[in-house]
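**Q** For reference, the file structure.tsv (TSV, C-alpha atoms) is included below:
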```tsv
chain	number	residue	atom	x	y	z
A	1	MET	CA	125.75	105.16	76.48
A	2	SER	CA	125.62	103.87	72.94
A	3	LEU	CA	128.46	105.03	70.72
A	4	VAL	CA	125.89	106.16	68.16
A	5	MET	CA	123.78	108.22	70.58
A	6	GLN	CA	123.60	111.80	69.31
A	7	LEU	CA	123.56	114.78	71.68
A	8	ASP	CA	121.17	117.68	71.20
A	9	GLY	CA	120.10	120.87	72.95
A	10	VAL	CA	122.00	123.01	75.45
A	11	LEU	CA	124.93	121.26	77.15
A	12	PHE	CA	125.22	121.80	80.93
A	13	PHE	CA	128.69	122.14	82.49
A	14	PRO	CA	128.15	122.30	86.28
A	15	VAL	CA	130.62	123.95	88.62
A	16	THR	CA	132.30	121.93	91.37
A	17	PRO	CA	131.17	123.29	94.76
A	18	PHE	CA	133.66	123.67	97.61
A	19	ASP	CA	132.89	124.15	101.29
A	20	SER	CA	134.45	126.67	103.68
A	21	GLU	CA	137.47	124.40	104.18
A	22	GLY	CA	138.03	123.97	100.45
A	23	ASN	CA	136.73	120.41	100.18
A	24	ILE	CA	134.16	119.35	97.57
A	25	ALA	CA	130.62	119.85	98.87
A	26	TYR	CA	129.10	116.73	97.29
A	27	ASP	CA	125.58	117.41	98.58
A	28	VAL	CA	125.66	120.85	96.97
A	29	LEU	CA	126.94	119.33	93.74
A	30	ALA	CA	123.98	116.94	93.71
A	31	GLU	CA	121.56	119.83	94.24
A	32	HIS	CA	123.27	121.88	91.51
A	33	VAL	CA	123.07	119.03	89.01
A	34	LYS	CA	119.44	118.19	89.86
A	35	HIS	CA	118.43	121.82	89.40
A	36	GLY	CA	120.22	122.01	86.05
A	37	VAL	CA	118.75	118.75	84.79
A	38	SER	CA	115.24	119.93	85.69
A	39	ALA	CA	115.71	122.80	83.21
A	40	GLY	CA	116.19	120.34	80.34
A	41	PRO	CA	119.80	120.25	79.07
A	42	GLY	CA	120.93	117.84	76.38
A	43	ALA	CA	123.71	116.40	78.55
A	44	VAL	CA	125.70	117.01	81.72
A	45	PHE	CA	129.50	117.49	81.52
A	46	VAL	CA	130.84	117.14	85.06
A	47	ALA	CA	134.35	117.98	86.29
A	48	CYS	CA	135.35	119.61	83.01
A	49	GLY	CA	136.66	123.14	82.48
A	50	THR	CA	133.85	124.96	84.30
A	51	GLY	CA	134.04	122.24	86.96
A	52	GLU	CA	137.73	123.00	87.66
A	53	PHE	CA	139.03	119.62	86.52
A	54	HIS	CA	142.56	121.03	86.74
A	55	ALA	CA	142.18	121.42	90.51
A	56	LEU	CA	140.68	118.03	91.39
A	57	GLY	CA	142.37	114.96	92.83
A	58	LEU	CA	141.59	111.52	91.42
A	59	GLU	CA	139.52	110.27	94.36
A	60	GLU	CA	137.40	113.40	94.66
A	61	PHE	CA	136.98	113.44	90.87
A	62	GLU	CA	135.61	109.90	90.89
A	63	ARG	CA	133.19	110.67	93.71
A	64	ALA	CA	132.07	113.90	92.00
A	65	VAL	CA	131.29	112.00	88.80
A	66	ALA	CA	129.37	109.35	90.75
A	67	VAL	CA	127.34	112.05	92.53
A	68	ALA	CA	126.50	113.73	89.22
A	69	VAL	CA	125.48	110.41	87.65
A	70	GLU	CA	123.16	109.66	90.57
A	71	ALA	CA	121.73	113.19	90.60
A	72	THR	CA	121.02	113.03	86.87
A	73	GLY	CA	118.97	109.89	87.39
A	74	GLY	CA	119.52	108.64	83.86
A	75	LYS	CA	117.55	111.52	82.35
A	76	VAL	CA	120.46	112.71	80.17
A	77	PRO	CA	123.98	111.41	79.44
A	78	VAL	CA	126.79	112.35	81.81
A	79	PHE	CA	130.25	113.06	80.37
A	80	ALA	CA	133.29	113.49	82.63
A	81	GLY	CA	136.48	115.41	81.97
A	82	ALA	CA	139.88	113.72	81.71
A	83	GLY	CA	143.28	115.05	80.79
A	84	GLY	CA	146.81	115.87	81.90
A	85	SER	CA	149.72	113.48	81.52
A	86	VAL	CA	148.96	110.34	79.55
A	87	VAL	CA	149.27	108.28	82.76
A	88	ALA	CA	146.92	110.56	84.71
A	89	THR	CA	144.52	110.72	81.78
A	90	LYS	CA	144.12	106.95	81.77
A	91	GLN	CA	143.52	106.99	85.53
A	92	PHE	CA	140.81	109.63	85.22
A	93	VAL	CA	139.21	107.84	82.26
A	94	GLU	CA	139.07	104.60	84.24
A	95	ALA	CA	137.72	106.41	87.31
A	96	ALA	CA	134.96	107.99	85.24
A	97	GLY	CA	133.96	104.54	84.01
A	98	ARG	CA	133.82	103.15	87.56
A	99	ALA	CA	131.68	106.13	88.60
A	100	GLY	CA	129.10	105.38	85.92
A	101	ALA	CA	129.82	108.13	83.41
A	102	ASN	CA	128.35	107.70	79.94
A	103	GLY	CA	131.27	109.31	78.14
A	104	ILE	CA	134.52	111.28	78.36
A	105	LEU	CA	135.47	114.82	77.34
A	106	LEU	CA	139.18	114.41	76.63
A	107	LEU	CA	140.93	117.61	77.67
A	108	PRO	CA	144.35	118.76	76.38
A	109	PRO	CA	147.47	116.94	77.60
A	110	TYR	CA	149.98	118.49	79.96
A	111	LEU	CA	151.17	121.80	78.51
A	112	VAL	CA	154.17	120.79	76.46
A	113	THR	CA	154.92	121.64	72.85
A	114	ASN	CA	154.00	118.70	70.69
A	115	PRO	CA	153.33	117.84	67.05
A	116	ALA	CA	149.85	116.88	65.91
A	117	ALA	CA	151.02	113.29	65.42
A	118	GLY	CA	151.80	113.12	69.13
A	119	LEU	CA	148.23	114.16	69.90
A	120	VAL	CA	146.98	111.22	67.89
A	121	ARG	CA	149.00	108.90	70.14
A	122	TYR	CA	147.67	110.70	73.23
A	123	VAL	CA	144.06	110.25	72.14
A	124	ALA	CA	144.65	106.65	71.06
A	125	GLU	CA	146.11	105.68	74.44
A	126	ALA	CA	143.28	107.39	76.33
A	127	ALA	CA	140.69	105.72	74.10
A	128	ALA	CA	142.28	102.31	74.63
A	129	ALA	CA	141.73	102.68	78.39
A	130	THR	CA	137.94	102.69	78.07
A	131	GLU	CA	135.01	101.55	75.99
A	132	LEU	CA	133.18	104.80	76.73
A	133	PRO	CA	132.55	107.26	73.89
A	134	ILE	CA	135.06	110.11	73.81
A	135	ILE	CA	134.75	113.71	72.67
A	136	VAL	CA	138.18	115.20	71.89
A	137	TYR	CA	138.71	118.81	72.98
A	138	GLN	CA	140.92	120.93	70.69
A	139	ARG	CA	142.30	123.77	72.82
A	140	ASN	CA	145.56	125.38	73.93
A	141	ASN	CA	148.37	122.97	72.95
A	142	ALA	CA	145.96	120.34	71.59
A	143	ARG	CA	145.78	121.56	67.99
A	144	PHE	CA	144.90	119.11	65.26
A	145	THR	CA	145.38	119.35	61.53
A	146	PRO	CA	142.48	118.24	59.31
A	147	GLU	CA	144.46	115.06	58.58
A	148	THR	CA	145.12	114.19	62.22
A	149	ALA	CA	141.52	115.09	63.13
A	150	VAL	CA	140.47	112.37	60.69
A	151	GLU	CA	142.90	109.96	62.35
A	152	VAL	CA	141.48	110.50	65.83
A	153	ALA	CA	137.90	110.55	64.55
A	154	SER	CA	138.59	107.12	63.04
A	155	ILE	CA	139.31	105.63	66.48
A	156	PRO	CA	136.20	103.50	67.17
A	157	ASN	CA	135.09	105.11	70.44
A	158	VAL	CA	135.91	108.72	69.48
A	159	VAL	CA	132.50	110.19	68.67
A	160	GLY	CA	133.01	113.96	68.75
A	161	PHE	CA	135.37	116.88	68.31
A	162	LYS	CA	135.07	120.06	70.36
A	163	ASP	CA	136.84	123.26	69.33
A	164	GLY	CA	138.12	125.79	71.84
A	165	ILE	CA	140.56	127.63	69.57
A	166	GLY	CA	138.22	129.63	67.35
A	167	ASP	CA	140.07	129.44	64.05
A	168	LEU	CA	136.99	129.06	61.84
A	169	ASP	CA	138.97	128.45	58.67
A	170	GLN	CA	140.87	125.58	60.28
A	171	MET	CA	137.73	124.23	61.95
A	172	ALA	CA	135.78	124.30	58.68
A	173	ARG	CA	138.50	122.18	57.08
A	174	VAL	CA	138.40	119.77	60.02
A	175	VAL	CA	134.62	119.41	59.71
A	176	LEU	CA	134.79	118.83	55.95
A	177	SER	CA	137.68	116.37	56.22
A	178	VAL	CA	136.12	114.30	59.00
A	179	ARG	CA	132.74	114.14	57.30
A	180	ALA	CA	134.39	112.99	54.07
A	181	GLY	CA	136.82	110.57	55.69
A	182	VAL	CA	134.94	108.98	58.59
A	183	ASP	CA	131.93	106.72	58.05
A	184	LYS	CA	130.15	106.79	61.41
A	185	PRO	CA	127.94	109.17	63.42
A	186	PHE	CA	130.14	112.04	64.57
A	187	GLN	CA	129.39	115.39	66.21
A	188	PHE	CA	131.18	118.74	66.41
A	189	PHE	CA	131.02	121.23	69.28
A	190	ASN	CA	131.79	124.90	69.81
A	191	GLY	CA	133.83	124.94	73.00
A	192	LEU	CA	134.95	128.56	73.16
A	193	PRO	CA	134.38	130.35	76.47
A	194	THR	CA	130.91	131.92	76.47
A	195	ALA	CA	130.26	130.03	73.26
A	196	GLU	CA	127.01	131.83	72.50
A	197	MET	CA	129.01	134.83	71.24
A	198	THR	CA	130.42	132.80	68.36
A	199	GLN	CA	127.66	130.26	67.83
A	200	LEU	CA	126.13	131.92	64.77
A	201	ALA	CA	129.53	131.73	63.07
A	202	TYR	CA	129.98	128.09	64.06
A	203	ARG	CA	126.54	127.20	62.75
A	204	GLY	CA	127.70	128.57	59.41
A	205	ILE	CA	130.32	125.81	59.17
A	206	GLY	CA	127.98	123.08	60.38
A	207	VAL	CA	128.74	123.08	64.12
A	208	ASP	CA	125.41	123.28	65.94
A	209	LEU	CA	126.29	122.05	69.44
A	210	TYR	CA	127.96	124.25	72.05
A	211	SER	CA	128.88	124.48	75.72
A	212	SER	CA	126.81	126.86	77.81
A	213	ALA	CA	128.40	128.05	81.04
A	214	VAL	CA	125.46	130.45	81.44
A	215	PHE	CA	123.20	127.41	81.88
A	216	CYS	CA	124.86	126.90	85.30
A	217	PHE	CA	123.40	130.06	86.79
A	218	ALA	CA	120.65	131.22	84.41
A	219	PRO	CA	119.28	128.28	82.42
A	220	GLU	CA	116.30	130.38	81.39
A	221	ILE	CA	118.63	132.87	79.64
A	222	SER	CA	120.65	130.08	78.05
A	223	LEU	CA	117.52	128.36	76.76
A	224	GLY	CA	115.99	131.67	75.66
A	225	PHE	CA	119.01	132.32	73.47
A	226	TYR	CA	119.08	128.74	72.18
A	227	ASN	CA	115.40	128.82	71.25
A	228	ALA	CA	115.81	132.17	69.50
A	229	VAL	CA	118.66	130.74	67.44
A	230	GLN	CA	116.72	127.59	66.60
A	231	SER	CA	113.61	129.52	65.56
A	232	GLY	CA	115.57	132.05	63.49
A	233	ASP	CA	114.51	135.04	65.59
A	234	VAL	CA	117.45	137.18	64.50
A	235	GLU	CA	116.29	140.30	66.32
A	236	LEU	CA	116.02	138.51	69.67
A	237	VAL	CA	119.33	136.71	69.13
A	238	ASN	CA	121.07	140.02	68.53
A	239	ARG	CA	119.45	141.56	71.61
A	240	PHE	CA	120.72	138.66	73.75
A	241	LEU	CA	124.18	139.07	72.26
A	242	PHE	CA	124.36	142.84	72.63
A	243	GLU	CA	122.58	143.33	75.97
A	244	PHE	CA	123.72	140.22	77.85
A	245	TYR	CA	126.49	138.12	76.28
A	246	LYS	CA	128.70	140.97	75.04
A	247	PRO	CA	128.84	142.70	78.46
A	248	LEU	CA	129.40	139.31	80.12
A	249	VAL	CA	132.35	138.55	77.84
A	250	GLU	CA	133.83	141.99	78.39
A	251	LEU	CA	133.64	141.45	82.16
A	252	ARG	CA	135.02	137.92	81.80
A	253	ASP	CA	138.05	139.20	79.91
A	254	LYS	CA	139.08	141.60	82.67
A	255	VAL	CA	140.77	138.85	84.70
A	256	PRO	CA	142.21	135.50	83.54
A	257	GLY	CA	140.13	132.64	84.92
A	258	TYR	CA	136.92	134.65	85.18
A	259	ALA	CA	135.33	132.25	82.67
A	260	VAL	CA	134.99	129.95	85.69
A	261	ALA	CA	135.05	132.35	88.64
A	262	LEU	CA	132.20	134.54	87.35
A	263	VAL	CA	130.02	131.50	86.69
A	264	LYS	CA	130.59	130.23	90.21
A	265	ALA	CA	129.85	133.67	91.67
A	266	ALA	CA	126.61	133.84	89.70
A	267	VAL	CA	125.53	130.42	91.02
A	268	ARG	CA	126.20	131.69	94.57
A	269	ALA	CA	124.19	134.83	93.88
A	270	ASN	CA	121.24	132.60	92.98
A	271	GLY	CA	121.29	131.15	96.49
A	272	LEU	CA	123.33	127.95	96.12
A	273	ASP	CA	126.54	128.13	98.15
A	274	VAL	CA	129.07	126.56	95.81
A	275	GLY	CA	131.98	128.34	97.45
A	276	GLY	CA	134.87	129.99	95.67
A	277	VAL	CA	137.43	128.76	93.17
A	278	ARG	CA	140.59	126.84	93.94
A	279	PRO	CA	144.04	128.26	93.10
A	280	PRO	CA	145.41	129.33	90.73
A	281	LEU	CA	142.03	130.97	89.94
A	282	VAL	CA	140.75	133.93	91.97
A	283	ASP	CA	137.25	134.98	92.94
A	284	PRO	CA	135.72	138.16	91.47
A	285	SER	CA	136.10	141.52	93.20
A	286	ASP	CA	133.10	143.29	94.75
A	287	GLU	CA	133.12	145.76	91.85
A	288	HIS	CA	132.95	142.97	89.31
A	289	LEU	CA	130.25	141.13	91.28
A	290	ALA	CA	128.09	144.25	91.15
A	291	ALA	CA	128.64	144.49	87.40
A	292	LEU	CA	127.73	140.80	87.04
A	293	ASP	CA	124.44	141.35	88.86
A	294	LYS	CA	123.49	144.09	86.42
A	295	ILE	CA	124.38	141.95	83.41
A	296	ILE	CA	122.27	139.04	84.65
A	297	ALA	CA	119.34	141.38	85.35
A	298	ALA	CA	119.59	142.66	81.76
A	299	GLY	CA	119.54	139.10	80.44
A	300	LYS	CA	116.48	138.16	82.47
A	301	ALA	CA	114.70	141.32	81.32
A	302	LEU	CA	114.99	140.06	77.74
A	303	LEU	CA	112.90	137.02	78.64
A	304	ALA	CA	109.89	139.25	79.27
```
Step by step, read the file and then write its structure as structure tokens.
**A**
Amino acid sequence: MSLVMQLDGVLFFPVTPFDSEGNIAYDVLAEHVKHGVSAGPGAVFVACGTGEFHALGLEEFERAVAVAVEATGGKVPVFAGAGGSVVATKQFVEAAGRAGANGILLLPPYLVTNPAAGLVRYVAEAAAATELPIIVYQRNNARFTPETAVEVASIPNVVGFKDGIGDLDQMARVVLSVRAGVDKPFQFFNGLPTAEMTQLAYRGIGVDLYSSAVFCFAPEISLGFYNAVQSGDVELVNRFLFEFYKPLVELRDKVPGYAVALVKAAVRANGLDVGGVRPPLVDPSDEHLAALDKIIAAGKALLA
């Protein structure tokens, strides 16, 4: 992937399927990715947050990325997650390169308290391990100041900055600072869980790209919302938000980890057996699965 290639459209973050014994079901992953790509995403982000990167070993990660690359067939770029300790991060970055990934989504480091200057070193060491383009993910303990965001954006193969914190004042200053201080193509992403709920606000500060977990199980709903936003159909956007996304977020917030577990359950409900989640996440209760079915039905009704 060229460092100057610009992403566009809805970004697809596939789940990682597991079989009945808890191993990755690579054939199911290939089917899942092929189905998603056929719906027309702007890129595939494999083995990231929705793909339970935190629960994957290095060897199965590398194979999962290779399977996704093959299943995508070169139709859209494939980014792979990487993170953890600085040593592990380099290993995952290198594995993603061997597997044919087009880029890296650099996840937060191991959960220790650290100054922003330490994050710059973390990103610099990860970037030095590959020539692939890197999107830096600001989330949890990975919090950048506008000044350190400029520093990491100035690293030659860092091409994007994804925000999962939701402090719009801070993010607006990051966007302004990077655009003023970095002379190269650079993109910003809304990476909050169920990002559609906040996307109108992010667009107001110049952040047009976002992750769509909904694309995993209902690409038609995800694209319906995206097209309504792009065309300026405010009434339809608000109906999607009120009738589908708001209830989904309220259900998601009932149990930590449901941002992944509900998505996986919804993919299963559509007929693709992707299995459950690995610990420390838990699968949804029967009550919550019934509520999820009703929410999805409401979202599909909006498409009519």
**Q** Show me, as a list in words, the residues that have an atom within 10 Å of Leu56 (chain A) when counting all atoms listed in the file, minus same-chain residues fewer than 5 positions from it.
**A**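 Residues meeting the cut-off are Thr16, Asn23, Ile24, Ala47, Gly51, Phe61, Glu62, Ala64 and Arg278 of chain A.
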**Q** Between CA of Lys246 (chain A) and CA of Pro284 (chain A), what is the distance, to one decimal in Å?
**A**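 Taking CA of Lys246 (chain A) and CA of Pro284 (chain A), their separation equals 18.1 Å.
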**Q** Which one is closest to Tyr122 (chain A): A:Gly271, A:Gly42, A:Gly83, A:Gly299? Count all atoms listed in the file.
**A** A:Gly83
**Q** Which of these, A:Leu7, A:Ala82, A:Ala228, A:Ala55, has the shortest distance to Val159 (chain A) once you count only C-alpha atoms?
**A** A:Leu7
**Q** For Glu196 (chain A), which residue among A:Thr50, A:Asn114, A:Asn238, A:Ser177 is the nearest when counting only C-alpha atoms?
**A**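 Checking each of A:Thr50, A:Asn114, A:Asn238, A:Ser177 against Glu196 (chain A), counting only C-alpha atoms, the winner is A:Asn238.
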**Q** Which residue, A:Ala71, A:Leu11, A:Leu262, A:Leu241, has the smallest gap to Phe189 (chain A) when you use all atoms listed in the file?
**A** A:Leu11
**Q** If we count all atoms listed in the file, what is near Val150 (chain A) at a cut-off of 8 Å, once residues fewer than 4 positions away on the same chain are taken out, given as a ChimeraX atom specification?
**A** /A:146,154,174,177-178,181-182
**Q** From the list A:Glu287, A:Ala269, A:Asn102, A:Ala124, which residue is nearest Gly74 (chain A) when using only C-alpha atoms?
**A**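 Among the listed residues, the smallest separation from Gly74 (chain A) belongs to A:Asn102.
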**Q** Have a look at A:Asn227, A:Asn140, A:Ile205, A:Ala301 and name the one nearest to Gln170 (chain A); count all atoms listed in the file.
**A**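 Smallest separation from Gln170 (chain A) among the options: A:Ile205.
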**Q** Distance CA of Leu200 (chain A)-CA of Arg252 (chain A), one decimal place?
**A**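 One can read the CA of Leu200 (chain A) to CA of Arg252 (chain A) distance as 20.1 Å.
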**Q** Calculate how many Å separate CA of Glu52 (chain A) from CA of Val260 (chain A), rounding to one decimal.
**A**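 Computing the Euclidean distance for CA of Glu52 (chain A) and CA of Val260 (chain A) yields 7.7 Å.
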**Q** Excluding same-chain residues fewer than 4 positions from Gly191 (chain A), what lies within 9 Å of it counting all atoms listed in the file, as a ChimeraX atom specification?
**A** /A:137-139,162-166,195,209-212
**Q** Near Phe188 (chain A), counting all atoms listed in the file, which residues have an atom at most 6 Å away, once you skip same-chain residues fewer than 5 positions from it, shown as a list in words?
**A**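 Final neighbour list, sorted by chain and number: Gly160, Phe161, Lys162 and Val207 of chain A.
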**Q** The residues within 10 Å of (133.8, 124.0, 100.3), using only C-alpha atoms and the coordinates of the file, should be reported as a ChimeraX atom specification; which are they?
**A** /A:16-26,28,273-278
**Q** Enclose the full set of atoms of region 284-293 of chain A listed in the file within a box whose edges lie along x, y and z, apply 4 Å of padding to each of the six sides, and report centre and edge lengths in Å to one decimal as JSON.
**A**
```
{"center_x": 130.3, "center_y": 142.0, "center_z": 90.9, "size_x": 19.7, "size_y": 15.6, "size_z": 15.7}
```
**Q** Name all residues at most 12 Å from Ala66 (chain A) (count all atoms listed in the file; drop same-chain ones fewer than 6 positions away) and give them as a ChimeraX atom specification.
**A** /A:26-27,29-30,33,46-47,59-60,72-73,78-80,95-102
**Q** Could all heavy atoms be built for region 94-105 of chain A and written out as a PDB file, in the frame of the given file?
**A**
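Generated file (part-v9.pdb):
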```pdb
ATOM      1  N   GLU A  94     139.516 105.810  83.559  1.00  0.00           N
ATOM      2  CA  GLU A  94     139.070 104.600  84.240  1.00  0.00           C
ATOM      3  C   GLU A  94     138.189 104.926  85.438  1.00  0.00           C
ATOM      4  O   GLU A  94     137.187 104.244  85.696  1.00  0.00           O
ATOM      5  CB  GLU A  94     140.287 103.775  84.659  1.00  0.00           C
ATOM      6  CG  GLU A  94     141.055 103.185  83.477  1.00  0.00           C
ATOM      7  CD  GLU A  94     142.426 102.663  83.842  1.00  0.00           C
ATOM      8  OE1 GLU A  94     142.839 102.863  85.015  1.00  0.00           O
ATOM      9  OE2 GLU A  94     143.092 102.069  82.973  1.00  0.00           O
ATOM     10  N   ALA A  95     138.531 105.997  86.173  1.00  0.00           N
ATOM     11  CA  ALA A  95     137.720 106.410  87.310  1.00  0.00           C
ATOM     12  C   ALA A  95     136.334 106.842  86.879  1.00  0.00           C
ATOM     13  O   ALA A  95     135.332 106.534  87.540  1.00  0.00           O
ATOM     14  CB  ALA A  95     138.425 107.538  88.069  1.00  0.00           C
ATOM     15  N   ALA A  96     136.255 107.556  85.766  1.00  0.00           N
ATOM     16  CA  ALA A  96     134.960 107.990  85.240  1.00  0.00           C
ATOM     17  C   ALA A  96     134.090 106.793  84.895  1.00  0.00           C
ATOM     18  O   ALA A  96     132.874 106.785  85.137  1.00  0.00           O
ATOM     19  CB  ALA A  96     135.163 108.882  84.022  1.00  0.00           C
ATOM     20  N   GLY A  97     134.707 105.756  84.330  1.00  0.00           N
ATOM     21  CA  GLY A  97     133.960 104.540  84.010  1.00  0.00           C
ATOM     22  C   GLY A  97     133.430 103.865  85.261  1.00  0.00           C
ATOM     23  O   GLY A  97     132.270 103.429  85.304  1.00  0.00           O
ATOM     24  N   ARG A  98     134.270 103.769  86.297  1.00  0.00           N
ATOM     25  CA  ARG A  98     133.820 103.150  87.560  1.00  0.00           C
ATOM     26  C   ARG A  98     132.679 103.942  88.182  1.00  0.00           C
ATOM     27  O   ARG A  98     131.791 103.372  88.828  1.00  0.00           O
ATOM     28  CB  ARG A  98     134.987 103.069  88.555  1.00  0.00           C
ATOM     29  CG  ARG A  98     136.072 102.086  88.169  1.00  0.00           C
ATOM     30  CD  ARG A  98     137.014 101.858  89.351  1.00  0.00           C
ATOM     31  NE  ARG A  98     137.696 103.091  89.766  1.00  0.00           N
ATOM     32  CZ  ARG A  98     138.890 103.475  89.328  1.00  0.00           C
ATOM     33  NH1 ARG A  98     139.521 102.731  88.418  1.00  0.00           N
ATOM     34  NH2 ARG A  98     139.455 104.590  89.771  1.00  0.00           N
ATOM     35  N   ALA A  99     132.700 105.261  87.991  1.00  0.00           N
ATOM     36  CA  ALA A  99     131.680 106.130  88.600  1.00  0.00           C
ATOM     37  C   ALA A  99     130.372 106.139  87.822  1.00  0.00           C
ATOM     38  O   ALA A  99     129.407 106.754  88.267  1.00  0.00           O
ATOM     39  CB  ALA A  99     132.227 107.546  88.721  1.00  0.00           C
ATOM     40  N   GLY A 100     130.344 105.480  86.668  1.00  0.00           N
ATOM     41  CA  GLY A 100     129.100 105.380  85.920  1.00  0.00           C
ATOM     42  C   GLY A 100     128.897 106.417  84.843  1.00  0.00           C
ATOM     43  O   GLY A 100     127.781 106.557  84.319  1.00  0.00           O
ATOM     44  N   ALA A 101     129.952 107.135  84.472  1.00  0.00           N
ATOM     45  CA  ALA A 101     129.820 108.130  83.410  1.00  0.00           C
ATOM     46  C   ALA A 101     129.445 107.459  82.095  1.00  0.00           C
ATOM     47  O   ALA A 101     129.777 106.302  81.851  1.00  0.00           O
ATOM     48  CB  ALA A 101     131.127 108.916  83.240  1.00  0.00           C
ATOM     49  N   ASN A 102     128.751 108.211  81.256  1.00  0.00           N
ATOM     50  CA  ASN A 102     128.350 107.700  79.940  1.00  0.00           C
ATOM     51  C   ASN A 102     129.361 108.028  78.852  1.00  0.00           C
ATOM     52  O   ASN A 102     129.274 107.498  77.737  1.00  0.00           O
ATOM     53  CB  ASN A 102     127.000 108.287  79.539  1.00  0.00           C
ATOM     54  CG  ASN A 102     125.912 107.994  80.537  1.00  0.00           C
ATOM     55  OD1 ASN A 102     125.410 108.891  81.211  1.00  0.00           O
ATOM     56  ND2 ASN A 102     125.534 106.730  80.664  1.00  0.00           N
ATOM     57  N   GLY A 103     130.297 108.923  79.139  1.00  0.00           N
ATOM     58  CA  GLY A 103     131.270 109.310  78.140  1.00  0.00           C
ATOM     59  C   GLY A 103     132.354 110.181  78.748  1.00  0.00           C
ATOM     60  O   GLY A 103     132.301 110.565  79.923  1.00  0.00           O
ATOM     61  N   ILE A 104     133.355 110.506  77.923  1.00  0.00           N
ATOM     62  CA  ILE A 104     134.520 111.280  78.360  1.00  0.00           C
ATOM     63  C   ILE A 104     134.694 112.506  77.464  1.00  0.00           C
ATOM     64  O   ILE A 104     134.583 112.403  76.238  1.00  0.00           O
ATOM     65  CB  ILE A 104     135.819 110.433  78.255  1.00  0.00           C
ATOM     66  CG1 ILE A 104     135.719 109.163  79.112  1.00  0.00           C
ATOM     67  CG2 ILE A 104     137.045 111.259  78.627  1.00  0.00           C
ATOM     68  CD1 ILE A 104     135.652 109.406  80.599  1.00  0.00           C
ATOM     69  N   LEU A 105     134.974 113.664  78.077  1.00  0.00           N
ATOM     70  CA  LEU A 105     135.470 114.820  77.340  1.00  0.00           C
ATOM     71  C   LEU A 105     136.972 114.844  77.550  1.00  0.00           C
ATOM     72  O   LEU A 105     137.451 115.110  78.660  1.00  0.00           O
ATOM     73  CB  LEU A 105     134.841 116.119  77.841  1.00  0.00           C
ATOM     74  CG  LEU A 105     135.362 117.394  77.157  1.00  0.00           C
ATOM     75  CD1 LEU A 105     135.045 117.385  75.666  1.00  0.00           C
ATOM     76  CD2 LEU A 105     134.780 118.644  77.814  1.00  0.00           C
TER      77      LEU A 105
END
```
